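Printed here is structure_33.cif (mmCIF, C-alpha atoms and all ligand atoms):
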```
data_my_file
#
loop_
_atom_site.label_atom_id
_atom_site.label_comp_id
_atom_site.auth_asym_id
_atom_site.auth_seq_id
_atom_site.Cartn_x
_atom_site.Cartn_y
_atom_site.Cartn_z
CA MET A 13 23.49 3.45 4.19
CA SER A 14 24.91 6.15 6.33
CA ALA A 15 25.25 5.57 10.01
CA LYS A 16 23.78 8.87 11.11
CA THR A 17 20.28 8.07 9.92
CA ALA A 18 17.21 5.94 10.50
CA SER A 19 15.65 4.78 13.70
CA LYS A 20 17.78 3.20 16.37
CA PRO A 21 15.92 -0.09 16.87
CA LYS A 22 16.14 -0.99 13.20
CA THR A 23 19.84 -0.26 12.96
CA VAL A 24 20.45 -2.65 15.80
CA PHE A 25 18.49 -5.42 14.13
CA ARG A 26 20.13 -4.91 10.76
CA GLY A 27 23.54 -5.33 12.27
CA THR A 28 22.67 -8.53 14.04
CA LEU A 29 19.64 -10.56 13.09
CA TYR A 30 19.28 -9.55 9.46
CA ARG A 31 22.79 -10.60 8.58
CA GLY A 32 23.33 -13.31 6.01
CA HIS A 33 21.89 -14.05 2.64
CA GLU A 34 18.19 -14.46 3.34
CA GLY A 35 18.31 -11.43 5.60
CA MET A 36 19.85 -9.24 2.93
CA TRP A 37 17.48 -10.41 0.22
CA SER A 38 14.41 -10.01 2.33
CA TRP A 39 15.54 -6.51 3.29
CA VAL A 40 16.24 -5.43 -0.30
CA LEU A 41 12.96 -6.90 -1.55
CA HIS A 42 11.04 -5.30 1.28
CA ARG A 43 12.49 -1.91 0.45
CA ILE A 44 11.98 -2.17 -3.33
CA THR A 45 8.39 -3.40 -3.00
CA GLY A 46 7.59 -0.68 -0.44
CA ILE A 47 8.88 2.05 -2.76
CA ALA A 48 7.07 0.63 -5.78
CA ILE A 49 3.76 0.40 -3.92
CA TYR A 50 4.21 3.95 -2.67
CA PHE A 51 4.57 5.38 -6.18
CA PHE A 52 1.59 3.35 -7.36
CA LEU A 53 -0.45 4.76 -4.49
CA LEU A 54 0.36 8.36 -5.45
CA VAL A 55 -1.02 7.78 -8.94
CA HIS A 56 -3.88 5.65 -7.64
CA VAL A 57 -5.32 8.34 -5.36
CA LEU A 58 -5.18 10.80 -8.27
CA ASP A 59 -6.88 8.45 -10.75
CA THR A 60 -9.55 7.62 -8.18
CA ALA A 61 -10.12 11.35 -7.61
CA THR A 62 -11.43 11.72 -11.18
CA VAL A 63 -14.50 9.81 -9.97
CA ARG A 64 -15.51 13.02 -8.21
CA LEU A 65 -15.26 15.08 -11.41
CA ASP A 66 -17.27 13.23 -14.03
CA PRO A 67 -18.49 9.65 -14.60
CA GLU A 68 -17.34 9.58 -18.22
CA LEU A 69 -13.90 10.87 -17.30
CA TYR A 70 -13.50 8.22 -14.59
CA ASN A 71 -14.57 5.46 -16.97
CA ALA A 72 -12.09 6.71 -19.56
CA VAL A 73 -9.29 6.75 -16.98
CA MET A 74 -10.20 3.27 -15.77
CA ALA A 75 -10.20 1.99 -19.36
CA SER A 76 -6.44 2.48 -19.36
CA TYR A 77 -6.21 0.00 -16.45
CA LYS A 78 -7.97 -2.68 -18.49
CA THR A 79 -5.37 -3.20 -21.21
CA PRO A 80 -3.24 -6.39 -21.31
CA ILE A 81 -0.07 -4.51 -20.38
CA MET A 82 -1.69 -2.83 -17.37
CA GLY A 83 -3.18 -6.21 -16.48
CA LEU A 84 0.35 -7.58 -16.18
CA GLY A 85 1.33 -4.47 -14.21
CA GLU A 86 -1.52 -5.16 -11.78
CA ALA A 87 -0.27 -8.73 -11.39
CA ALA A 88 3.21 -7.37 -10.57
CA LEU A 89 1.71 -4.88 -8.12
CA VAL A 90 -0.19 -7.63 -6.33
CA ALA A 91 2.94 -9.78 -6.25
CA ALA A 92 4.82 -6.88 -4.65
CA ILE A 93 2.07 -6.11 -2.12
CA VAL A 94 1.64 -9.74 -1.07
CA PHE A 95 5.38 -10.14 -0.54
CA HIS A 96 5.66 -6.86 1.39
CA ALA A 97 2.67 -7.80 3.54
CA PHE A 98 3.88 -11.28 4.55
CA ASN A 99 7.47 -10.19 4.93
CA GLY A 100 6.31 -7.18 6.97
CA LEU A 101 4.46 -9.58 9.24
CA ARG A 102 7.65 -11.61 9.57
CA ILE A 103 9.61 -8.47 10.53
CA ILE A 104 7.00 -7.60 13.16
CA LEU A 105 7.15 -11.12 14.63
CA VAL A 106 10.93 -11.24 14.59
CA ASP A 107 11.05 -7.92 16.45
CA MET A 108 8.45 -8.97 19.00
CA THR A 109 9.07 -12.59 19.89
CA ALA A 110 12.23 -14.46 20.77
CA TRP A 111 10.92 -17.55 19.03
CA ALA A 112 10.52 -15.77 15.69
CA SER A 113 13.90 -14.09 15.94
CA ARG A 114 15.51 -17.50 16.45
CA HIS A 115 13.70 -18.85 13.39
CA HIS A 116 13.76 -15.75 11.20
CA ARG A 117 15.44 -17.58 8.34
CA ALA A 118 12.90 -20.41 8.28
CA LEU A 119 10.17 -17.78 8.53
CA PHE A 120 11.54 -16.11 5.40
CA TYR A 121 11.04 -19.35 3.48
CA GLY A 122 7.58 -19.48 5.01
CA VAL A 123 6.95 -16.00 3.58
CA LEU A 124 8.03 -17.16 0.13
CA ALA A 125 5.81 -20.24 0.35
CA LEU A 126 2.77 -18.24 1.44
CA TRP A 127 3.49 -15.70 -1.28
CA ALA A 128 3.60 -18.45 -3.91
CA LEU A 129 0.34 -19.94 -2.64
CA VAL A 130 -1.52 -16.64 -2.77
CA MET A 131 -0.16 -15.88 -6.24
CA ILE A 132 -1.20 -19.31 -7.51
CA ALA A 133 -4.69 -18.62 -6.20
CA PHE A 134 -4.77 -15.08 -7.59
CA LEU A 135 -3.14 -15.22 -11.02
CA PRO A 136 -5.44 -17.56 -12.98
CA ARG A 137 -8.56 -15.60 -12.14
CA HIS A 138 -6.92 -12.22 -12.71
CA LEU A 139 -5.32 -13.22 -16.02
CA MET A 140 -8.61 -14.72 -17.14
CA HIS A 141 -10.31 -11.39 -16.47
CA VAL A 142 -7.60 -9.48 -18.32
CA PHE A 143 -7.07 -11.75 -21.32
CA GLY A 144 -10.30 -13.71 -21.55
CA GLY A 145 -12.66 -11.70 -23.77
CA MET B 15 15.29 6.16 27.27
CA LYS B 16 12.70 8.63 26.17
CA LEU B 17 9.49 6.74 25.57
CA PHE B 18 8.03 9.13 23.02
CA ARG B 19 10.93 9.96 20.74
CA PHE B 20 9.69 10.57 17.21
CA ASP B 21 11.69 7.69 15.77
CA ARG B 22 10.30 5.32 18.34
CA LEU B 23 6.72 6.37 17.68
CA ALA B 24 7.34 6.02 13.94
CA TRP B 25 8.79 2.56 14.49
CA ILE B 26 5.72 1.46 16.44
CA PHE B 27 3.40 3.08 13.91
CA MET B 28 5.01 1.15 11.03
CA ARG B 29 4.22 -2.11 12.80
CA VAL B 30 0.69 -1.32 13.93
CA SER B 31 -0.32 0.21 10.60
CA GLY B 32 1.31 -2.63 8.66
CA PHE B 33 -0.66 -5.17 10.63
CA ILE B 34 -3.98 -3.40 9.95
CA LEU B 35 -3.07 -2.73 6.30
CA ILE B 36 -2.81 -6.44 5.59
CA ALA B 37 -6.53 -6.90 6.27
CA LEU B 38 -7.51 -3.68 4.50
CA ILE B 39 -5.45 -4.21 1.35
CA PHE B 40 -6.26 -7.90 0.94
CA THR B 41 -9.95 -7.03 1.22
CA HIS B 42 -9.56 -4.09 -1.20
CA LEU B 43 -7.85 -6.29 -3.78
CA THR B 44 -10.28 -9.16 -3.36
CA VAL B 45 -13.34 -6.95 -3.78
CA ASN B 46 -11.90 -4.94 -6.69
CA LEU B 47 -9.95 -7.59 -8.64
CA MET B 48 -11.60 -10.93 -7.79
CA GLN B 49 -15.26 -9.92 -8.26
CA ASP B 50 -16.98 -11.11 -11.44
CA GLY B 51 -15.25 -9.34 -14.30
CA GLY B 52 -12.22 -8.31 -12.21
CA VAL B 53 -10.65 -4.96 -13.14
CA LYS B 54 -12.90 -4.81 -16.18
CA ALA B 55 -15.97 -4.45 -13.96
CA ILE B 56 -14.66 -1.25 -12.33
CA ASP B 57 -16.46 1.85 -13.52
CA PHE B 58 -18.27 4.89 -12.10
CA ALA B 59 -21.37 2.88 -11.20
CA PHE B 60 -19.28 0.32 -9.29
CA VAL B 61 -17.37 2.93 -7.28
CA ALA B 62 -20.38 5.18 -6.66
CA GLY B 63 -22.32 2.12 -5.50
CA LYS B 64 -19.56 1.21 -3.05
CA LEU B 65 -19.03 4.72 -1.72
CA ALA B 66 -22.77 5.25 -1.15
CA ASN B 67 -22.27 2.79 1.71
CA PRO B 68 -20.81 4.26 4.94
CA PHE B 69 -18.97 0.99 5.56
CA TRP B 70 -16.89 1.40 2.42
CA GLN B 71 -16.45 5.13 3.06
CA TRP B 72 -14.84 4.49 6.44
CA PHE B 73 -12.98 1.48 5.10
CA ASP B 74 -11.45 3.53 2.25
CA VAL B 75 -10.63 6.50 4.47
CA THR B 76 -8.79 4.25 6.92
CA LEU B 77 -6.93 2.59 4.06
CA LEU B 78 -6.06 5.99 2.56
CA TRP B 79 -4.65 7.48 5.76
CA LEU B 80 -2.78 4.40 6.96
CA ALA B 81 -1.28 3.50 3.57
CA LEU B 82 -0.15 7.06 2.82
CA ILE B 83 1.35 7.70 6.25
CA HIS B 84 2.98 4.25 6.39
CA GLY B 85 4.31 4.62 2.86
CA SER B 86 5.59 8.16 3.26
CA ASN B 87 7.21 7.38 6.58
CA GLY B 88 8.90 4.42 4.90
CA MET B 89 10.06 6.76 2.13
CA ARG B 90 11.42 9.12 4.79
CA VAL B 91 13.63 6.31 6.05
CA VAL B 92 14.75 5.50 2.50
CA VAL B 93 15.56 9.14 1.73
CA ASN B 94 17.51 9.48 4.98
CA ASP B 95 19.46 6.34 4.10
CA TYR B 96 20.54 7.34 0.60
CA VAL B 97 20.53 11.12 0.26
CA GLU B 98 23.65 12.57 1.80
CA ARG B 99 23.37 16.18 0.72
CA THR B 100 21.42 18.18 3.26
CA GLY B 101 19.76 20.50 0.74
CA VAL B 102 18.51 17.70 -1.46
CA ARG B 103 17.36 15.71 1.55
CA ARG B 104 15.43 18.65 2.97
CA PHE B 105 13.79 19.20 -0.40
CA LEU B 106 12.76 15.55 -0.72
CA LEU B 107 11.45 15.33 2.84
CA ALA B 108 9.45 18.53 2.37
CA SER B 109 8.03 17.13 -0.89
CA LEU B 110 6.97 14.01 0.98
CA VAL B 111 5.13 16.03 3.62
CA ILE B 112 3.41 18.21 1.03
CA SER B 113 2.36 15.41 -1.34
CA THR B 114 1.17 13.18 1.50
CA THR B 115 -0.93 15.94 3.06
CA THR B 116 -2.38 16.94 -0.31
CA LEU B 117 -3.34 13.38 -1.21
CA ILE B 118 -4.86 12.67 2.20
CA VAL B 119 -7.05 15.80 1.96
CA LEU B 120 -7.96 15.12 -1.67
CA GLY B 121 -8.77 11.44 -1.11
CA THR B 122 -10.82 12.15 2.01
CA LEU B 123 -12.85 14.79 0.19
CA VAL B 124 -13.46 12.46 -2.74
CA ILE B 125 -14.72 9.69 -0.47
CA PHE B 126 -17.12 11.85 1.53
CA THR B 127 -18.38 14.26 -1.15
CA LEU B 128 -18.94 11.89 -4.07
CA ASP B 129 -22.43 12.30 -5.53
CA PRO B 130 -23.47 8.84 -6.79
CA CYS B 131 -26.18 10.30 -9.02
CA PRO B 132 -24.81 13.50 -10.59
CA VAL B 133 -27.53 15.34 -12.53
CA GLY B 134 -27.07 15.49 -16.28
CA SER B 135 -25.02 12.30 -16.55
CA PRO B 136 -26.25 9.50 -18.82
CA SER B 137 -28.20 7.18 -16.54
CA ASP B 138 -26.61 4.05 -17.98
CA LEU B 139 -23.32 5.13 -16.38
CA LEU B 140 -24.87 5.55 -12.92
CA PRO B 141 -25.62 3.02 -10.15
CA SER B 142 -28.96 1.27 -10.57
CA PHE B 143 -30.44 2.96 -7.47
CA CYS B 144 -30.27 6.43 -9.11
CA PRO B 145 -33.65 7.86 -10.15
CA ALA B 146 -34.16 7.37 -13.88
CA GLY B 147 -33.89 10.46 -16.03
C1 LIG C 201 0.25 -4.84 3.48
C2 LIG C 201 0.56 -4.50 4.68
C3 LIG C 201 1.91 -3.94 5.05
C4 LIG C 201 2.72 -4.42 6.04
C5 LIG C 201 2.47 -5.61 6.95
C6 LIG C 201 3.89 -3.59 6.05
C7 LIG C 201 4.92 -3.71 6.96
C8 LIG C 201 6.07 -2.97 6.97
C9 LIG C 201 7.11 -3.05 7.96
C10 LIG C 201 7.09 -3.95 9.19
C11 LIG C 201 8.09 -2.19 7.60
C12 LIG C 201 9.43 -1.99 8.29
C13 LIG C 201 9.43 -0.76 9.11
C14 LIG C 201 10.75 -0.60 9.83
O1 LIG C 201 11.72 -1.29 9.48
O2 LIG C 201 10.79 0.23 10.73
C15 LIG C 201 7.68 -1.54 6.37
C16 LIG C 201 8.42 -0.63 5.67
C17 LIG C 201 7.98 0.04 4.53
N1 LIG C 201 6.72 -0.05 3.95
FE1 LIG C 201 5.28 -1.34 4.50
N2 LIG C 201 3.79 -2.62 5.09
C18 LIG C 201 2.58 -2.78 4.45
C19 LIG C 201 2.09 -2.01 3.42
C20 LIG C 201 2.78 -0.97 2.78
C21 LIG C 201 2.23 -0.08 1.77
C22 LIG C 201 0.79 -0.10 1.27
C23 LIG C 201 3.24 0.77 1.38
C24 LIG C 201 3.22 1.88 0.36
C25 LIG C 201 2.26 2.75 0.27
C26 LIG C 201 4.42 0.40 2.14
C27 LIG C 201 5.63 1.03 2.04
C28 LIG C 201 6.71 0.81 2.86
C29 LIG C 201 7.98 1.47 2.73
C30 LIG C 201 8.37 2.50 1.66
C31 LIG C 201 8.78 0.99 3.77
C32 LIG C 201 10.24 1.38 4.09
C33 LIG C 201 11.17 0.32 3.57
C34 LIG C 201 12.58 0.41 4.14
O3 LIG C 201 12.83 1.18 5.08
O4 LIG C 201 13.41 -0.34 3.63
N3 LIG C 201 4.09 -0.64 2.99
N4 LIG C 201 6.43 -2.03 6.01
C1 LIG C 202 -4.65 -3.18 -9.18
C2 LIG C 202 -5.07 -3.14 -7.98
C3 LIG C 202 -6.10 -2.14 -7.50
C4 LIG C 202 -7.30 -1.80 -8.06
C5 LIG C 202 -7.95 -2.37 -9.31
C6 LIG C 202 -7.89 -0.79 -7.20
C7 LIG C 202 -9.13 -0.20 -7.43
C8 LIG C 202 -9.67 0.82 -6.68
C9 LIG C 202 -10.98 1.39 -6.86
C10 LIG C 202 -11.98 0.94 -7.92
C11 LIG C 202 -11.15 2.37 -5.95
C12 LIG C 202 -12.40 3.24 -5.76
C13 LIG C 202 -13.05 3.09 -4.40
C14 LIG C 202 -13.25 1.67 -3.97
O1 LIG C 202 -13.44 0.76 -4.82
O2 LIG C 202 -13.25 1.42 -2.75
C15 LIG C 202 -9.95 2.43 -5.16
C16 LIG C 202 -9.71 3.31 -4.14
C17 LIG C 202 -8.60 3.28 -3.32
N1 LIG C 202 -7.55 2.38 -3.37
FE1 LIG C 202 -7.30 0.93 -4.75
N2 LIG C 202 -7.04 -0.53 -6.15
C18 LIG C 202 -5.94 -1.32 -6.30
C19 LIG C 202 -4.85 -1.38 -5.47
C20 LIG C 202 -4.68 -0.60 -4.34
C21 LIG C 202 -3.56 -0.70 -3.42
C22 LIG C 202 -2.39 -1.68 -3.56
C23 LIG C 202 -3.76 0.24 -2.46
C24 LIG C 202 -2.93 0.57 -1.23
C25 LIG C 202 -1.66 0.72 -1.24
C26 LIG C 202 -4.99 0.95 -2.78
C27 LIG C 202 -5.52 1.98 -2.06
C28 LIG C 202 -6.67 2.68 -2.37
C29 LIG C 202 -7.15 3.83 -1.63
C30 LIG C 202 -6.47 4.50 -0.44
C31 LIG C 202 -8.37 4.22 -2.23
C32 LIG C 202 -9.25 5.41 -1.83
C33 LIG C 202 -8.85 6.59 -2.70
C34 LIG C 202 -9.57 7.88 -2.36
O3 LIG C 202 -9.53 8.29 -1.20
O4 LIG C 202 -10.13 8.52 -3.24
N3 LIG C 202 -5.52 0.40 -3.91
N4 LIG C 202 -9.05 1.47 -5.62
#
```

In structure tokens, how does this file's structure come out?
Ligand code: HEM
Ligand code: HEM
Amino acid sequence: MSAKTASKPKTVFRGTLYRGHEGMWSWVLHRITGIAIYFFLLVHVLDTATVRLDPELYNAVMASYKTPIMGLGEAALVAAIVFHAFNGLRIILVDMTAWASRHHRALFYGVLALWALVMIAFLPRHLMHVFGG
Amino acid sequence: MKLFRFDRLAWIFMRVSGFILIALIFTHLTVNLMQDGGVKAIDFAFVAGKLANPFWQWFDVTLLWLALIHGSNGMRVVVNDYVERTGVRRFLLASLVISTTTLIVLGTLVIFTLDPCPVGSPSDLLPSFCPAG
């Protein structure tokens, strides 16, 4: 990262609070998931736009989302979104409250726990839809 | 300190939009992936049925604008962090502005101009409230 860039507040936090292992991992994961979701969204708005053109075209496009491989891709997308969402919430709290910035490391493990819980609730039903008949 | 520097506004926007996006995206995923049939139940009739309802129109438009602006502003930060060469950076940032604007206009038009019962389409592909014929 070059020093000349990005917004001031974040640079300050990166240098201080986000130091250490959990901080680095959460930052890398937050960035990778954000980028991945962004590229999905570009495609997603385009595929949804075919709904305006023709019902049969939209159904054909959506059929490609219903294959086993895309089903796994959707699971990965949801995993990325859920992590980015909870970790984003952690970043917001750490920036806003002194309590959270003192406990940012514990909060990161909280993020991972919540993420695991949501995925355990989500995956069986999703995989059943994708692979079950 | 200038209160309304662009970077500061962007920093605040990332937090406010992120907070709202949690509710919007979790709802979007629950309705579209956890309904009976999951992804496999998504087709023209499903989407046209949803978008005939003003609630889902405004819900989707809010999701579209917030996710695209949040995501592209995040990508702006990423580009600024990694791309050193001014020409390349300018090109990438301009591409971000153009693609984001295009997708916001396209997506908004799709949401508000979708005809749930296009004439001449096989009626078994259309929502059940469409007149038979
Ligand atoms: C689910 C709700 C979401 C929350 C709570 C959230 C929260 C955040 C927060 C707090 C930041 C850090 C901003 C900063 O450091 O100034 C961020 C960055 C980012 N977000 Fe999100 N976000 C959400 C959804 C999304 C979506 C849908 C996308 C993609 C379309 C996305 C893409 C990004 C990107 C690319 C970054 C920049 C990453 C970086 O600078 O390392 N986010 N998000
Ligand atoms: C695999 C997961 C997903 C599925 C199956 C899915 C499905 C759909 C469907 C069927 C629609 C049509 C309208 C509606 O149902 O409201 C739609 C629209 C939309 N989705 Fe998703 N979605 C997924 C993930 C996401 C994510 C993660 C985001 C945000 C980053 C998102 C953002 C949007 C937006 C903005 C629209 C409106 C597009 C437009 O303006 O034309 N979706 N999605």

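Of the residues listed (B:Ala37, B:Met28, B:Leu106, B:Leu47), B:Leu47 shows the shortest atom-to-atom separation from ligand LIG 202 (chain C); distances use all atoms listed in the file.
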
Using only the atoms of region 75-85 of chain B listed in the file, plus 8 Å on each side, state the axis-aligned box centre and edge lengths in Å rounded to one decimal, as lines of an AutoDock Vina configuration file.
```
center_x = -3.2
center_y = 5.1
center_z = 4.8
size_x = 30.9
size_y = 21.1
size_z = 20.4
```

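Within 7 Å of chain A, and counting all atoms listed in the file, chain B contributes Asp21, Arg29, Gly32, Phe33, Ile36, Leu47, Met48, Gly51, Gly52, Val53, Lys54, Asp57, Phe58, Gly85, Met89, Val91, Asn94, Asp95, Tyr96, Leu117, Gly121, Val124, Leu128 and Leu139 of chain B.
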
**Study point:** Between CA of Phe18 (chain B) and CA of Trp39 (chain A), distance in Å (one decimal)
**Key:** 26.3 Å

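A search radius of 10 Å centred on (-2.9, -14.4, -5.3), applied to all atoms listed in the file, returns the residues Ala87, Val90, Ala91, Val94, Leu126, Trp127, Ala128, Leu129, Val130, Met131, Ile132, Ala133, Phe134, Leu135, Pro136, Arg137 and His138 of chain A; Phe40, Leu43, Thr44 and Met48 of chain B.
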
Give me the residues of chain B that have any atom at most 7 Å from an atom of ligand LIG 202 (chain C); for each, the nearest atom pair and the distance in Å, rounded to one decimal. Use only C-alpha atoms and all ligand atoms, sort by chain and number, and format it as a Markdown table.
```
| residue | atom | partner | partner_atom | distance |
| --- | --- | --- | --- | --- |
| B:Ile39 | CA | C:LIG202 | C24 | 6.0 |
| B:His42 | CA | C:LIG202 | FE1 | 6.6 |
| B:Leu43 | CA | C:LIG202 | C3 | 5.8 |
| B:Asn46 | CA | C:LIG202 | C5 | 5.4 |
| B:Leu47 | CA | C:LIG202 | C5 | 5.6 |
| B:Val53 | CA | C:LIG202 | C5 | 5.4 |
| B:Ile56 | CA | C:LIG202 | C10 | 5.6 |
| B:Val61 | CA | C:LIG202 | O1 | 5.1 |
| B:Lys64 | CA | C:LIG202 | O2 | 6.3 |
| B:Leu65 | CA | C:LIG202 | O2 | 6.7 |
| B:Trp70 | CA | C:LIG202 | O2 | 6.3 |
| B:Asp74 | CA | C:LIG202 | C32 | 5.0 |
| B:Val75 | CA | C:LIG202 | O3 | 6.0 |
| B:Leu77 | CA | C:LIG202 | C30 | 4.9 |
| B:Leu78 | CA | C:LIG202 | C30 | 3.4 |
| B:Ala81 | CA | C:LIG202 | C25 | 5.6 |
| B:Gly121 | CA | C:LIG202 | O3 | 3.2 |
| B:Thr122 | CA | C:LIG202 | O3 | 5.2 |
| B:Val124 | CA | C:LIG202 | O4 | 5.2 |
| B:Ile125 | CA | C:LIG202 | O3 | 5.4 |
```

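When atom C13 of ligand LIG 201 (chain C) is paired with CA of Leu38 (chain B), their separation reads 17.8 Å.
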
Check your understanding: So how far away is CA of Thr76 (chain B) from CA of Pro132 (chain B), in Å?
Key -> 25.5 Å

Exercise for review: Using only C-alpha atoms, collect all residues at a distance of at most 12 Å from (15.5, -10.5, -2.6) as written in the file, then present them as a ChimeraX atom specification.
Suggested key: /A:32-45,92,95-96,99,120-121,123-124

Practice item. Might you pull out every residue within 8 Å of Pro130 (chain B), with only C-alpha atoms counted and same-chain residues fewer than 2 positions away left off, and present them as a PyMOL selection string? Key: chain B and resi 59+62-63+65-66+128+132+140-141+144

Practice item. Can you work out which one of B:Val92, B:Val97, B:Leu23, B:Val45 has the shortest atom-to-atom distance to ligand LIG 201 (chain C), counting all atoms listed in the file? Key: B:Val92

Revision key, fill the gap. Restricting to all atoms listed in the file, whichever of B:Thr127, B:Thr41, B:Ser86, B:Thr115 is closest to ligand LIG 201 (chain C) is B:Ser86
